[in-house]
Structures are given as structure tokens and as C-alpha cells.
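Below is target-v2.txt, which holds compact mmCIF, C-alpha atoms (C1' of nucleotides).
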```txt
# COMPACT_ATOMS: atom_id res chain seq x y z
CA MET A 1 0.00 0.00 0.00
CA ALA A 2 1.28 3.42 -0.93
CA THR A 3 2.12 5.73 1.91
CA PRO A 4 0.21 9.02 1.76
CA PRO A 5 2.27 11.91 0.38
CA THR A 6 4.15 13.99 2.94
CA THR A 7 3.38 17.66 3.39
CA VAL A 8 6.61 18.50 1.60
CA GLN A 9 5.52 16.40 -1.38
CA ARG A 10 2.07 17.96 -1.35
CA LEU A 11 3.57 21.45 -1.34
CA ILE A 12 5.75 20.69 -4.37
CA ASP A 13 2.74 19.08 -6.06
CA ALA A 14 0.66 22.18 -5.38
CA TYR A 15 3.36 24.51 -6.71
CA GLU A 16 3.68 22.39 -9.85
CA ASP A 17 -0.06 22.26 -10.24
CA ILE A 18 -0.64 25.99 -10.03
CA LEU A 19 2.29 26.75 -12.34
CA LEU A 20 0.74 24.37 -14.86
CA THR A 21 -2.83 25.48 -14.77
CA ASP A 22 -2.65 29.16 -13.80
CA GLY A 23 0.93 30.28 -14.52
CA GLU A 24 3.74 31.74 -12.48
CA ARG A 25 1.85 34.80 -11.36
CA ALA A 26 -0.89 32.81 -9.68
CA ALA A 27 1.61 30.69 -7.79
CA THR A 28 1.64 32.78 -4.63
CA LEU A 29 2.66 31.35 -1.28
CA ASP A 30 -0.94 31.60 -0.07
CA ALA A 31 -2.30 29.82 -3.13
CA ILE A 32 0.30 27.07 -2.91
CA ALA A 33 -0.32 26.52 0.78
CA MET A 34 -4.09 26.44 0.28
CA ARG A 35 -3.84 23.96 -2.59
CA ALA A 36 -1.65 21.74 -0.43
CA GLY A 37 -4.14 21.97 2.45
CA VAL A 38 -1.63 23.75 4.69
CA SER A 39 -1.45 27.24 6.13
CA LYS A 40 1.11 29.73 4.92
CA GLY A 41 3.05 29.19 8.13
CA GLY A 42 3.06 25.48 7.43
CA LEU A 43 4.60 26.16 4.05
CA THR A 44 7.33 28.43 5.34
CA TYR A 45 8.18 25.87 7.99
CA HIS A 46 9.30 23.47 5.26
CA PHE A 47 10.55 26.03 2.74
CA LYS A 48 12.12 29.20 4.03
CA SER A 49 11.61 31.00 0.74
CA LYS A 50 9.98 30.63 -2.63
CA ASP A 51 13.39 29.95 -4.12
CA GLU A 52 13.76 26.93 -1.87
CA LEU A 53 10.45 25.64 -3.14
CA ALA A 54 11.63 26.17 -6.70
CA ALA A 55 14.87 24.35 -5.90
CA ALA A 56 12.83 21.38 -4.68
CA LEU A 57 10.90 21.42 -7.96
CA PHE A 58 14.19 21.44 -9.85
CA ASP A 59 15.44 18.45 -7.86
CA ARG A 60 12.24 16.59 -8.69
CA LEU A 61 12.74 17.24 -12.40
CA ARG A 62 16.34 16.01 -12.21
CA LEU A 63 15.18 12.75 -10.63
CA LEU A 64 12.37 12.21 -13.15
CA VAL A 65 14.72 12.85 -16.08
CA ASP A 66 17.17 10.33 -14.61
CA GLU A 67 14.41 7.73 -14.65
CA ASP A 68 13.28 8.69 -18.15
CA VAL A 69 16.77 8.49 -19.61
CA ALA A 70 17.26 5.10 -17.96
CA ILE A 71 14.08 3.80 -19.62
CA MET A 72 15.22 5.02 -23.02
CA ARG A 73 18.70 3.57 -22.60
CA ALA A 74 17.23 0.19 -21.67
CA ASP A 75 15.51 -0.18 -25.07
CA PRO A 76 17.30 1.82 -27.79
CA ALA A 77 15.08 0.41 -30.56
CA THR A 78 11.98 2.14 -29.23
CA ALA A 79 13.71 5.15 -27.66
CA ALA A 80 12.68 7.64 -30.37
CA THR A 81 9.05 6.51 -30.45
CA TYR A 82 8.98 6.52 -26.66
CA TYR A 83 10.38 10.04 -26.57
CA VAL A 84 7.78 11.43 -28.97
CA THR A 85 4.75 9.64 -27.56
CA SER A 86 5.65 10.35 -23.94
CA SER A 87 5.67 14.06 -24.78
CA LEU A 88 1.96 13.60 -25.29
CA ASP A 89 1.18 12.37 -21.82
CA VAL A 90 0.78 15.73 -20.16
CA ARG A 91 -0.40 14.08 -16.99
CA SER A 92 2.74 12.07 -16.38
CA PRO A 93 4.84 13.29 -13.45
CA LEU A 94 7.75 14.07 -15.78
CA GLU A 95 5.77 16.15 -18.26
CA ARG A 96 3.96 17.98 -15.51
CA CYS A 97 7.23 18.87 -13.79
CA ASN A 98 8.82 19.75 -17.12
CA VAL A 99 6.07 22.18 -18.04
CA ALA A 100 6.10 23.70 -14.56
CA VAL A 101 9.84 24.38 -14.73
CA THR A 102 9.39 25.78 -18.24
CA ARG A 103 6.92 28.29 -16.84
CA LEU A 104 9.53 29.40 -14.32
CA ALA A 105 12.16 29.60 -17.05
CA GLN A 106 9.96 31.97 -19.02
CA GLY A 107 9.82 34.24 -16.02
CA SER A 108 13.56 34.74 -16.47
CA HIS A 109 14.58 32.30 -13.74
CA PRO A 110 18.23 31.59 -14.69
CA GLU A 111 18.49 28.34 -12.75
CA ALA A 112 15.40 26.95 -14.47
CA ASN A 113 16.81 27.81 -17.87
CA GLU A 114 20.09 26.11 -17.08
CA LEU A 115 18.34 23.00 -15.79
CA LEU A 116 16.18 22.70 -18.89
CA ALA A 117 19.25 23.01 -21.08
CA GLN A 118 20.89 20.19 -19.12
CA CYS A 119 17.82 17.98 -19.53
CA ARG A 120 17.77 18.61 -23.28
CA THR A 121 21.43 17.67 -23.53
CA ARG A 122 20.80 14.40 -21.73
CA TRP A 123 17.89 13.50 -23.99
CA PHE A 124 19.95 14.41 -27.03
CA GLU A 125 22.77 12.12 -25.90
CA VAL A 126 20.60 9.09 -25.27
CA LEU A 127 18.74 9.60 -28.58
CA MET A 128 22.07 9.87 -30.37
CA GLU A 129 23.14 6.55 -28.86
CA ALA A 130 19.88 5.01 -30.01
CA MET A 131 19.57 6.53 -33.50
CA GLY A 132 23.11 7.45 -34.53
CA HIS A 133 22.01 10.23 -36.90
CA GLU A 134 22.26 13.76 -35.58
CA ASP A 135 19.70 15.40 -37.87
CA MET A 136 17.15 12.65 -37.19
CA VAL A 137 17.64 13.16 -33.47
CA HIS A 138 17.04 16.88 -33.91
CA LEU A 139 13.93 16.08 -35.93
CA VAL A 140 12.60 13.78 -33.23
CA MET A 141 13.34 16.28 -30.48
CA LEU A 142 11.68 19.11 -32.39
CA LEU A 143 8.60 16.95 -32.84
CA GLY A 144 8.57 16.19 -29.14
CA ASP A 145 8.94 19.88 -28.34
CA GLY A 146 6.14 20.78 -30.72
CA ILE A 147 3.78 18.27 -29.17
CA TYR A 148 4.79 19.36 -25.73
CA PHE A 149 4.35 23.02 -26.64
CA ASN A 150 0.87 22.40 -27.99
CA ALA A 151 -0.06 20.36 -24.97
CA SER A 152 1.18 23.04 -22.60
CA LEU A 153 -0.97 25.65 -24.30
CA THR A 154 -4.20 23.86 -23.44
CA GLY A 155 -4.87 25.92 -20.37
CA THR A 156 -8.23 27.27 -21.35
CA GLY A 157 -8.19 26.83 -25.14
CA ALA A 158 -9.40 23.80 -27.04
CA MET A 159 -7.14 20.80 -27.52
CA PRO A 160 -5.45 21.22 -30.92
CA ALA A 161 -5.69 18.36 -33.39
CA GLU A 162 -1.91 17.97 -33.36
CA THR A 163 -2.02 16.39 -29.96
CA ASP A 164 -4.50 13.65 -30.87
CA PRO A 165 -2.75 10.32 -30.12
CA ALA A 166 -3.92 8.68 -33.36
CA THR A 167 -2.56 11.61 -35.39
CA ILE A 168 0.75 11.38 -33.56
CA ASP A 169 0.95 7.68 -34.40
CA ARG A 170 0.49 8.42 -38.09
CA ILE A 171 3.09 11.18 -37.94
CA ILE A 172 5.55 8.79 -36.31
CA ALA A 173 4.84 6.33 -39.13
CA LEU A 174 5.57 9.07 -41.68
CA VAL A 175 8.84 9.91 -39.99
CA GLY A 176 9.64 6.20 -39.84
CA THR A 177 9.67 6.07 -43.65
CA ILE A 178 12.62 8.46 -43.82
CA ARG A 179 15.79 6.65 -44.98
CA TYR A 180 18.97 8.02 -43.52
CA MET B 1 12.24 56.85 -45.34
CA ALA B 2 10.35 55.29 -42.44
CA THR B 3 8.41 57.59 -40.18
CA PRO B 4 9.53 57.35 -36.55
CA PRO B 5 7.27 55.11 -34.44
CA THR B 6 4.47 56.81 -32.59
CA THR B 7 4.29 56.72 -28.82
CA VAL B 8 1.46 54.19 -29.07
CA GLN B 9 3.66 51.95 -31.23
CA ARG B 10 6.59 52.37 -28.86
CA LEU B 11 4.42 51.42 -25.90
CA ILE B 12 3.25 48.23 -27.58
CA ASP B 13 6.84 47.52 -28.63
CA ALA B 14 7.99 47.97 -25.05
CA TYR B 15 5.28 45.68 -23.68
CA GLU B 16 6.17 43.04 -26.28
CA ASP B 17 9.86 43.45 -25.53
CA ILE B 18 9.56 43.00 -21.78
CA LEU B 19 7.20 40.03 -22.16
CA LEU B 20 9.78 38.42 -24.44
CA THR B 21 12.92 39.03 -22.44
CA ASP B 22 11.73 39.13 -18.84
CA GLY B 23 8.30 37.48 -18.78
CA GLU B 24 4.84 38.57 -17.76
CA ARG B 25 5.71 39.38 -14.19
CA ALA B 26 8.31 41.95 -15.15
CA ALA B 27 5.90 43.72 -17.51
CA THR B 28 4.67 46.29 -15.01
CA LEU B 29 3.19 49.60 -16.12
CA ASP B 30 6.22 51.45 -14.78
CA ALA B 31 8.65 49.17 -16.61
CA ILE B 32 6.70 49.41 -19.88
CA ALA B 33 6.53 53.21 -19.71
CA MET B 34 10.23 53.49 -18.91
CA ARG B 35 11.21 51.15 -21.76
CA ALA B 36 9.10 53.21 -24.15
CA GLY B 37 10.72 56.40 -22.89
CA VAL B 38 7.39 57.72 -21.62
CA SER B 39 6.15 58.59 -18.17
CA LYS B 40 3.55 56.45 -16.47
CA GLY B 41 1.02 59.21 -17.04
CA GLY B 42 1.89 59.14 -20.73
CA LEU B 43 1.13 55.44 -20.84
CA THR B 44 -2.23 55.76 -19.13
CA TYR B 45 -3.09 58.62 -21.46
CA HIS B 46 -3.07 56.20 -24.40
CA PHE B 47 -4.13 53.03 -22.61
CA LYS B 48 -6.59 53.29 -19.77
CA SER B 49 -5.71 49.86 -18.43
CA LYS B 50 -3.25 47.05 -18.88
CA ASP B 51 -5.98 45.07 -20.61
CA GLU B 52 -6.23 47.76 -23.27
CA LEU B 53 -2.51 47.43 -23.85
CA ALA B 54 -2.90 43.68 -24.17
CA ALA B 55 -5.78 44.16 -26.61
CA ALA B 56 -3.52 46.36 -28.75
CA LEU B 57 -0.91 43.60 -28.73
CA PHE B 58 -3.58 41.12 -29.81
CA ASP B 59 -4.61 43.41 -32.68
CA ARG B 60 -1.01 43.63 -33.78
CA LEU B 61 -0.71 39.83 -33.85
CA ARG B 62 -3.91 39.56 -35.91
CA LEU B 63 -2.51 41.98 -38.48
CA LEU B 64 0.85 40.24 -38.69
CA VAL B 65 -0.80 36.84 -39.11
CA ASP B 66 -2.95 38.28 -41.90
CA GLU B 67 0.22 39.32 -43.72
CA ASP B 68 1.91 35.99 -43.05
CA VAL B 69 -1.00 33.94 -44.33
CA ALA B 70 -1.16 36.13 -47.46
CA ILE B 71 2.53 35.44 -48.16
CA MET B 72 1.99 31.69 -47.81
CA ARG B 73 -1.10 31.71 -50.00
CA ALA B 74 0.77 33.62 -52.71
CA ASP B 75 3.26 30.76 -53.19
CA PRO B 76 1.80 27.40 -52.13
CA ALA B 77 4.85 25.47 -53.37
CA THR B 78 7.13 27.00 -50.74
CA ALA B 79 4.48 27.53 -48.05
CA ALA B 80 5.62 24.64 -45.85
CA THR B 81 9.31 25.51 -46.06
CA TYR B 82 8.47 29.14 -45.42
CA TYR B 83 6.40 28.23 -42.37
CA VAL B 84 9.16 26.15 -40.78
CA THR B 85 12.05 28.48 -41.54
CA SER B 86 10.20 31.61 -40.51
CA SER B 87 9.62 30.04 -37.08
CA LEU B 88 13.37 30.39 -36.70
CA ASP B 89 13.53 34.12 -37.11
CA VAL B 90 12.83 35.09 -33.55
CA ARG B 91 13.52 38.71 -34.33
CA SER B 92 10.80 39.10 -36.92
CA PRO B 93 7.83 41.21 -35.84
CA LEU B 94 5.49 38.24 -36.18
CA GLU B 95 7.54 35.84 -34.08
CA ARG B 96 8.22 38.47 -31.45
CA CYS B 97 4.52 39.25 -31.15
CA ASN B 98 3.62 35.58 -31.20
CA VAL B 99 5.97 34.75 -28.34
CA ALA B 100 4.79 37.76 -26.36
CA VAL B 101 1.15 36.69 -26.66
CA THR B 102 2.15 33.14 -25.76
CA ARG B 103 3.64 34.46 -22.54
CA LEU B 104 0.31 36.09 -21.73
CA ALA B 105 -1.55 32.90 -22.61
CA GLN B 106 0.55 30.96 -20.13
CA GLY B 107 -0.52 33.39 -17.44
CA SER B 108 -4.06 32.06 -17.95
CA HIS B 109 -5.20 35.01 -20.08
CA PRO B 110 -8.30 33.55 -21.83
CA GLU B 111 -8.35 36.04 -24.69
CA ALA B 112 -4.71 35.31 -25.54
CA ASN B 113 -5.42 31.59 -25.57
CA GLU B 114 -8.35 32.04 -27.88
CA LEU B 115 -6.38 34.28 -30.25
CA LEU B 116 -3.51 31.81 -30.47
CA ALA B 117 -5.95 29.03 -31.27
CA GLN B 118 -7.43 31.15 -34.08
CA CYS B 119 -3.96 31.83 -35.51
CA ARG B 120 -3.13 28.14 -35.47
CA THR B 121 -6.35 27.36 -37.30
CA ARG B 122 -5.53 29.89 -40.01
CA TRP B 123 -2.04 28.48 -40.51
CA PHE B 124 -3.45 24.99 -40.61
CA GLU B 125 -5.94 25.96 -43.31
CA VAL B 126 -3.40 27.62 -45.60
CA LEU B 127 -0.96 24.74 -45.16
CA MET B 128 -3.76 22.29 -46.00
CA GLU B 129 -4.46 24.21 -49.22
CA ALA B 130 -0.77 24.09 -50.08
CA MET B 131 0.04 20.50 -49.10
CA GLY B 132 -3.25 18.62 -49.23
CA HIS B 133 -2.21 15.99 -46.69
CA GLU B 134 -3.45 16.45 -43.16
CA ASP B 135 -0.82 14.44 -41.33
CA MET B 136 1.99 16.16 -43.23
CA VAL B 137 0.52 19.51 -42.26
CA HIS B 138 0.45 18.43 -38.63
CA LEU B 139 4.05 17.28 -38.96
CA VAL B 140 5.12 20.62 -40.41
CA MET B 141 3.25 22.58 -37.77
CA LEU B 142 4.73 20.50 -34.97
CA LEU B 143 8.21 21.12 -36.36
CA GLY B 144 7.49 24.85 -36.48
CA ASP B 145 6.20 24.76 -32.93
CA GLY B 146 9.25 22.83 -31.77
CA ILE B 147 11.63 25.33 -33.35
CA TYR B 148 9.62 28.19 -32.01
CA PHE B 149 9.51 26.64 -28.53
CA ASN B 150 13.26 26.17 -28.50
CA ALA B 151 13.86 29.66 -29.76
CA SER B 152 11.58 31.15 -27.12
CA LEU B 153 13.52 29.41 -24.36
CA THR B 154 16.74 31.21 -25.12
CA GLY B 155 16.28 33.85 -22.47
CA THR B 156 19.43 33.24 -20.51
CA GLY B 157 20.36 29.70 -21.57
CA ALA B 158 22.57 28.76 -24.47
CA MET B 159 21.13 28.47 -27.96
CA PRO B 160 20.22 24.81 -28.55
CA ALA B 161 21.64 23.10 -31.62
CA GLU B 162 18.11 22.46 -32.91
CA THR B 163 17.72 26.09 -33.86
CA ASP B 164 20.83 26.30 -36.03
CA PRO B 165 19.65 27.35 -39.53
CA ALA B 166 21.86 24.83 -41.33
CA THR B 167 20.46 22.01 -39.17
CA ILE B 168 16.93 23.15 -39.91
CA ASP B 169 17.68 23.10 -43.65
CA ARG B 170 18.89 19.50 -43.40
CA ILE B 171 15.82 18.54 -41.36
CA ILE B 172 13.56 20.12 -43.97
CA ALA B 173 15.39 18.09 -46.62
CA LEU B 174 14.79 14.91 -44.59
CA VAL B 175 11.09 15.70 -44.28
CA GLY B 176 11.04 16.46 -48.03
CA THR B 177 11.96 12.83 -48.75
CA ILE B 178 8.72 11.59 -47.21
CA ARG B 179 6.37 10.24 -49.90
CA TYR B 180 2.71 10.73 -49.15
C1' DG C 1 -7.72 76.24 -26.59
C1' DT C 2 -6.52 71.38 -27.21
C1' DC C 3 -3.37 67.74 -27.81
C1' DA C 4 0.17 65.02 -26.07
C1' DC C 5 2.36 64.54 -22.87
C1' DT C 6 5.62 65.15 -17.86
C1' DA C 7 5.99 64.79 -12.99
C1' DT C 8 4.38 63.52 -8.78
C1' DA C 9 1.47 62.01 -5.29
C1' DC C 10 -1.62 58.88 -3.70
C1' DC C 11 -4.87 54.63 -2.78
C1' DG C 12 -6.21 49.87 -2.17
C1' DA C 13 -5.09 45.25 -3.24
C1' DC C 14 -1.90 41.89 -3.12
C1' DC C 15 2.31 39.37 -2.00
C1' DA C 16 6.83 37.43 0.21
C1' DG C 17 8.54 36.73 4.32
C1' DT C 18 8.54 37.06 9.74
C1' DC C 19 7.18 35.80 14.24
C1' DG C 20 4.86 34.43 18.45
C1' DG C 21 2.18 31.00 19.67
C1' DT C 22 -0.35 26.32 19.35
C1' DT C 23 -0.97 21.48 18.34
C1' DT C 24 0.81 16.97 17.29
C1' DT C 25 4.17 13.40 17.53
C1' DC C 26 8.01 11.24 19.35
C1' DT C 27 10.95 9.61 23.33
C1' DG C 28 12.34 7.63 27.39
C1' DA C 29 12.23 7.28 32.38
C1' DA C 30 9.24 5.75 36.30
C1' DT D 1 1.49 1.78 30.81
C1' DT D 2 1.76 6.30 31.85
C1' DC D 3 3.21 10.68 31.32
C1' DA D 4 6.48 14.68 31.23
C1' DG D 5 9.11 17.07 28.27
C1' DA D 6 11.31 17.90 23.94
C1' DA D 7 11.10 18.26 19.14
C1' DA D 8 8.62 18.65 14.91
C1' DA D 9 4.72 20.40 12.43
C1' DC D 10 1.67 23.85 11.86
C1' DC D 11 -1.30 28.29 12.44
C1' DG D 12 -2.48 33.01 11.31
C1' DA D 13 -1.76 37.84 12.22
C1' DC D 14 1.43 41.21 10.95
C1' DT D 15 5.14 43.99 8.19
C1' DG D 16 7.28 46.13 4.42
C1' DG D 17 7.14 46.53 -0.18
C1' DT D 18 5.17 46.31 -5.07
C1' DC D 19 1.76 46.98 -8.52
C1' DG D 20 -2.41 48.62 -11.05
C1' DG D 21 -4.94 52.38 -11.28
C1' DT D 22 -6.45 57.31 -10.26
C1' DA D 23 -5.82 62.11 -9.87
C1' DT D 24 -3.95 66.50 -10.68
C1' DA D 25 -1.07 70.47 -11.75
C1' DG D 26 1.89 71.96 -15.22
C1' DT D 27 4.38 72.40 -20.06
C1' DG D 28 5.36 73.15 -24.84
C1' DA D 29 3.71 72.69 -29.67
C1' DC D 30 0.17 73.75 -32.99
```

Re-express the file's structure as C-alpha cells.
Amino acid sequence: MATPPTTVQRLIDAYEDILLTDGERAATLDAIAMRAGVSKGGLTYHFKSKDELAAALFDRLRLLVDEDVAIMRADPATAATYYVTSSLDVRSPLERCNVAVTRLAQGSHPEANELLAQCRTRWFEVLMEAMGHEDMVHLVMLLGDGIYFNASLTGTGAMPAETDPATIDRIIALVGTIRY
Amino acid sequence: MATPPTTVQRLIDAYEDILLTDGERAATLDAIAMRAGVSKGGLTYHFKSKDELAAALFDRLRLLVDEDVAIMRADPATAATYYVTSSLDVRSPLERCNVAVTRLAQGSHPEANELLAQCRTRWFEVLMEAMGHEDMVHLVMLLGDGIYFNASLTGTGAMPAETDPATIDRIIALVGTIRY
DNA sequence: GTCACTATACCGACCAGTCGGTTTTCTGAA
DNA sequence: TTCAGAAAACCGACTGGTCGGTATAGTGAC
């Protein structure tokens, strides 16, 4: 049986959640605490500042990317397909955390920018190992970014057709016909 | 010779600029006025509220997309290539405005979300006319979004290899080999 | 006179962070 | 097993500062 999430986990979840759905501006300490079911004092007990909370979010992303890269390295044959399709699953812990950190990066948070660059480098490396063709790796990563970008824009707007799983499958098939 | 920009233009430019480089949070009325070289009173003389300023930015995007779609419609043969490569030019008025509005959309600004969805629909339509294959259009648009997403992340971080023009040309060539 | 501002002062709302105090949980001796 | 005391977890009022917006007196060009 899974142990219930700790308050610290719930606070990071709440921060992530608000960044995702309402953006950086809405992610106030009060809002985060309320979403986590804690008072503001409860929040500041665990995180002395908002930066500390952000740092915890960054650590979470680092861990999730470690796991993701390990999965891709374990099965190089499906690594590219896995990379593209997993960009679609906006509800996965990795994608959620990724989008949340991206929101912070767009608010000119230098550490978030640096972290995202590191993550991209790691994905590039493991895709290079799996595919062996630099331009194809770039193509796959751009597709993943495009899907991810579309998915992250669905705050209030309608879901664009590009992010329909069946469409993505056909696009992957099209890309699969490229000889390189 | 070009007429010097009006104060109204400079104010919209400044808003766009700050959204691009420093994010939504940094785009305060004081900061916008200062960047435009106007006093705060001068700003509020032209725009009664921040929402009015945003509306002006939305109007600008609508105009720029009109022009862009017209260019693509004028030469269907190169429409897809044009769409992908122009996503690269982060300094073009269209891309700048597009990124700026995207920043607002991520701050849960419903009108910005709706506008972006409309723009995407228009691009989809003109690409469909030019290419005639829905999945290929989706592929092209995802590539454009990926490039655009990467480009918009280069606030403080290093420029990713994906956005190198020569790489993009080779990727376009790869996609050009797909038979559909 | 009016247009297009400048300069400055101000208000109320909101927000990050602090602090004194309270409740809950753990620990170990009787 | 009980219970005192310590430590951890948490509460919520408060502070200082920022931001959007309002108001107002004044200035130079046409």
C-alpha cells in the first residue's frame, strides 16, 4: 500500500499544479499553501523561501529525467518513439514537472533555464546513442517539443488536433519512412 | 524613409519586448513606460488599463498573421518551407509578437489563448491548401512549434543546436523525402 | 484652446517573508 | 502503561514593499 504523500511532497505538487494550470503569477505562497491543504506558516516551515520551493521542484525534475533516460537507454530500438509519444502524456509526473519548470524559465529564472538546457542535452545524448544520426535526433526532439508546446498551451483553449494520439501515431509512421 | 514610431507603437513595442525578455511578471506599467521612454502618465493617457494594452498587442498579432498567411497563399509550393524556416527568425515582428502573446496565454489570459488558437487554425488551413495531406501539415506545424519553442527558451540559456539554420535546412530536406 | 504629454502624489489590493504561539508526535524514564 | 518534556509540524496575524490604477497640476507645440 502506498504511503500518503508527505506535506513537503504535497507542497511541491501544489506549486507544480498551479504553475501548470494558472501560470507563475498565480503561484503565490498563499495559493500554494491552500492547494496543499496547509497554512502559509506550514509552508514556510518546510521552505524558508519561494526559491527553496523552486529548488525542490528542480530536484524533482532532475530525478524524473534520470528515470526517463534510464528507460530510453534500456531499449534503444523504441527510444525515439517513446520520446515522442511520452511528450503527449501531459499528466505524467515528468511532463507535468517539465512544463512547470518551463513556466519558471519563461519568467527569467536563470536556474530553471540552465536545468532545462541540461535535460535537453541528456535526452539528445541518449537519442544519439539510439539513432546514430544527428539530424534525425534533432527532428525527433523538435517533434517532441512541438507536441509538448501544444499540450502546454491547453490551459483554457481547445485541444489542438496535433495532440491527438492517433494523429501522432500516423506522424511517427511518416517519420519512420525516412531513410537516412 | 520610415516615419519614426508613434508613442502608441513604442508602448506596444515595449510591452512586447519586456514580455519576451523578462516574462509577464516583469511587464509592469512602470517598466513598460520606462522602456518606451514615456512617463507612467503618458502610458495611461493612451491606454486606460493594462488590458487595453494587451488588446492592442492582440490586434497587432492579428494583423501580422494576416500578412503571413497572405505570403503563404501567394506561393503554395514553398508555403511549408516558409512556415518552418520563418519560425526560426525570432527577431521578426510576427515571431516576437507571437511569443509575447504566448507568454500572456501561459498566465491564464483567456483572450490570448483564444487568439492563439485562431492563428493556429488559419495556418493549418493555408498549409492544407498548399500541401493537401493532413498528417503532413500536422508534422510541419509540430516542427514549427518545436523550433519556435526552442527559440523562445533562449532567455538566458545557451542556444540549442536544434535552432541552427543549417540544421533546420537538413531537417527540412529529410522531411522532403517523405512520400505521401 | 486642445493635444500630447511630464511629474508627482496617492490609494487599495496583493504578496513574500517574519514571528509568536499552538498542536501533534516522538521519546524515554518511572 | 503512563506521562512529562522535547522536538517537529503547523497556524495566522502582521510587516514592508510592489503593482495597477487614479488624480492632478503643469508644459510646450500647434

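The coordinates place CA of Ser86 in chain A at 24.7 Å from CA of His133 in chain B.
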
For this session: Would you give me, as a PyMOL selection string, the residues of chain A that come within 12 Å of chain C, using only C-alpha atoms (C1' of nucleotides)?
Result: chain A and resi 25-31+40-41+43-45+47-51

Problem set entry | Residues within 7 Å of (2.6, 23.3, 13.7), file coords, only C-alpha atoms (C1' of nucleotides), listed as a list in words |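 Answer for this query, in the requested form: Gly42 of chain A; DT23 of chain C; DA9, DC10 and DC11 of chain D.
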
For chain B versus chain A, which residues have an atom no more than 7 Å away, and what is each residue's nearest atom pair and distance in Å rounded to one decimal, using only C-alpha atoms, chain-then-number order, as JSON lines?
```
{"residue": "B:Asp22", "atom": "CA", "partner": "A:Ser108", "partner_atom": "CA", "distance": 5.3}
{"residue": "B:Gly23", "atom": "CA", "partner": "A:Gly107", "partner_atom": "CA", "distance": 4.5}
{"residue": "B:Glu24", "atom": "CA", "partner": "A:Gly107", "partner_atom": "CA", "distance": 6.8}
{"residue": "B:Arg25", "atom": "CA", "partner": "A:Arg25", "partner_atom": "CA", "distance": 6.6}
{"residue": "B:Gln106", "atom": "CA", "partner": "A:Gly23", "partner_atom": "CA", "distance": 5.7}
{"residue": "B:Gly107", "atom": "CA", "partner": "A:Gly23", "partner_atom": "CA", "distance": 4.5}
{"residue": "B:Ser108", "atom": "CA", "partner": "A:Asp22", "partner_atom": "CA", "distance": 5.3}
{"residue": "B:Pro110", "atom": "CA", "partner": "A:Thr156", "partner_atom": "CA", "distance": 6.3}
{"residue": "B:Asn113", "atom": "CA", "partner": "A:Gly157", "partner_atom": "CA", "distance": 5.5}
{"residue": "B:Glu114", "atom": "CA", "partner": "A:Gly157", "partner_atom": "CA", "distance": 5.9}
{"residue": "B:Ala117", "atom": "CA", "partner": "A:Gly157", "partner_atom": "CA", "distance": 6.9}
{"residue": "B:Asp135", "atom": "CA", "partner": "A:Ile171", "partner_atom": "CA", "distance": 6.1}
{"residue": "B:His138", "atom": "CA", "partner": "A:Glu162", "partner_atom": "CA", "distance": 5.8}
{"residue": "B:Leu139", "atom": "CA", "partner": "A:Ile171", "partner_atom": "CA", "distance": 6.3}
{"residue": "B:Leu142", "atom": "CA", "partner": "A:Gly146", "partner_atom": "CA", "distance": 4.5}
{"residue": "B:Leu143", "atom": "CA", "partner": "A:Leu143", "partner_atom": "CA", "distance": 5.5}
{"residue": "B:Asp145", "atom": "CA", "partner": "A:Gly146", "partner_atom": "CA", "distance": 4.6}
{"residue": "B:Gly146", "atom": "CA", "partner": "A:Gly146", "partner_atom": "CA", "distance": 3.9}
{"residue": "B:Ile147", "atom": "CA", "partner": "A:Leu142", "partner_atom": "CA", "distance": 6.3}
{"residue": "B:Phe149", "atom": "CA", "partner": "A:Phe149", "partner_atom": "CA", "distance": 6.6}
{"residue": "B:Leu153", "atom": "CA", "partner": "A:Gln106", "partner_atom": "CA", "distance": 6.9}
{"residue": "B:Gly155", "atom": "CA", "partner": "A:Ser108", "partner_atom": "CA", "distance": 6.6}
{"residue": "B:Thr156", "atom": "CA", "partner": "A:Pro110", "partner_atom": "CA", "distance": 6.2}
{"residue": "B:Gly157", "atom": "CA", "partner": "A:Asn113", "partner_atom": "CA", "distance": 5.5}
{"residue": "B:Glu162", "atom": "CA", "partner": "A:His138", "partner_atom": "CA", "distance": 5.8}
{"residue": "B:Thr167", "atom": "CA", "partner": "A:Asp135", "partner_atom": "CA", "distance": 6.8}
{"residue": "B:Arg170", "atom": "CA", "partner": "A:Asp135", "partner_atom": "CA", "distance": 6.9}
{"residue": "B:Ile171", "atom": "CA", "partner": "A:Asp135", "partner_atom": "CA", "distance": 6.1}
{"residue": "B:Leu174", "atom": "CA", "partner": "A:Ile178", "partner_atom": "CA", "distance": 6.8}
{"residue": "B:Thr177", "atom": "CA", "partner": "A:Ile178", "partner_atom": "CA", "distance": 6.6}
{"residue": "B:Ile178", "atom": "CA", "partner": "A:Ile178", "partner_atom": "CA", "distance": 6.0}
```

Exercise. To one decimal place, how far is CA of Leu11 in chain A from CA of Ile71 in chain A in Å?
Worked result: 27.5 Å

Residues of chain D were defined as contacting chain B if any atom lay at most 10 Å from it, counting all atoms listed in the file; please report them as a short mmCIF file (atom, residue, chain, number, x, y, z; two decimals) with C-alpha atoms (C1' of nucleotides), keeping the file's coordinate frame.
```cif
data_model
loop_
_atom_site.label_atom_id
_atom_site.label_comp_id
_atom_site.auth_asym_id
_atom_site.auth_seq_id
_atom_site.Cartn_x
_atom_site.Cartn_y
_atom_site.Cartn_z
"C1'" DT D 18 5.17 46.31 -5.07
"C1'" DC D 19 1.76 46.98 -8.52
"C1'" DG D 20 -2.41 48.62 -11.05
"C1'" DG D 21 -4.94 52.38 -11.28
"C1'" DT D 22 -6.45 57.31 -10.26
#
```

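The spacing separating CA of Glu16 in chain B from CA of Thr3 in chain B amounts to 20.2 Å.
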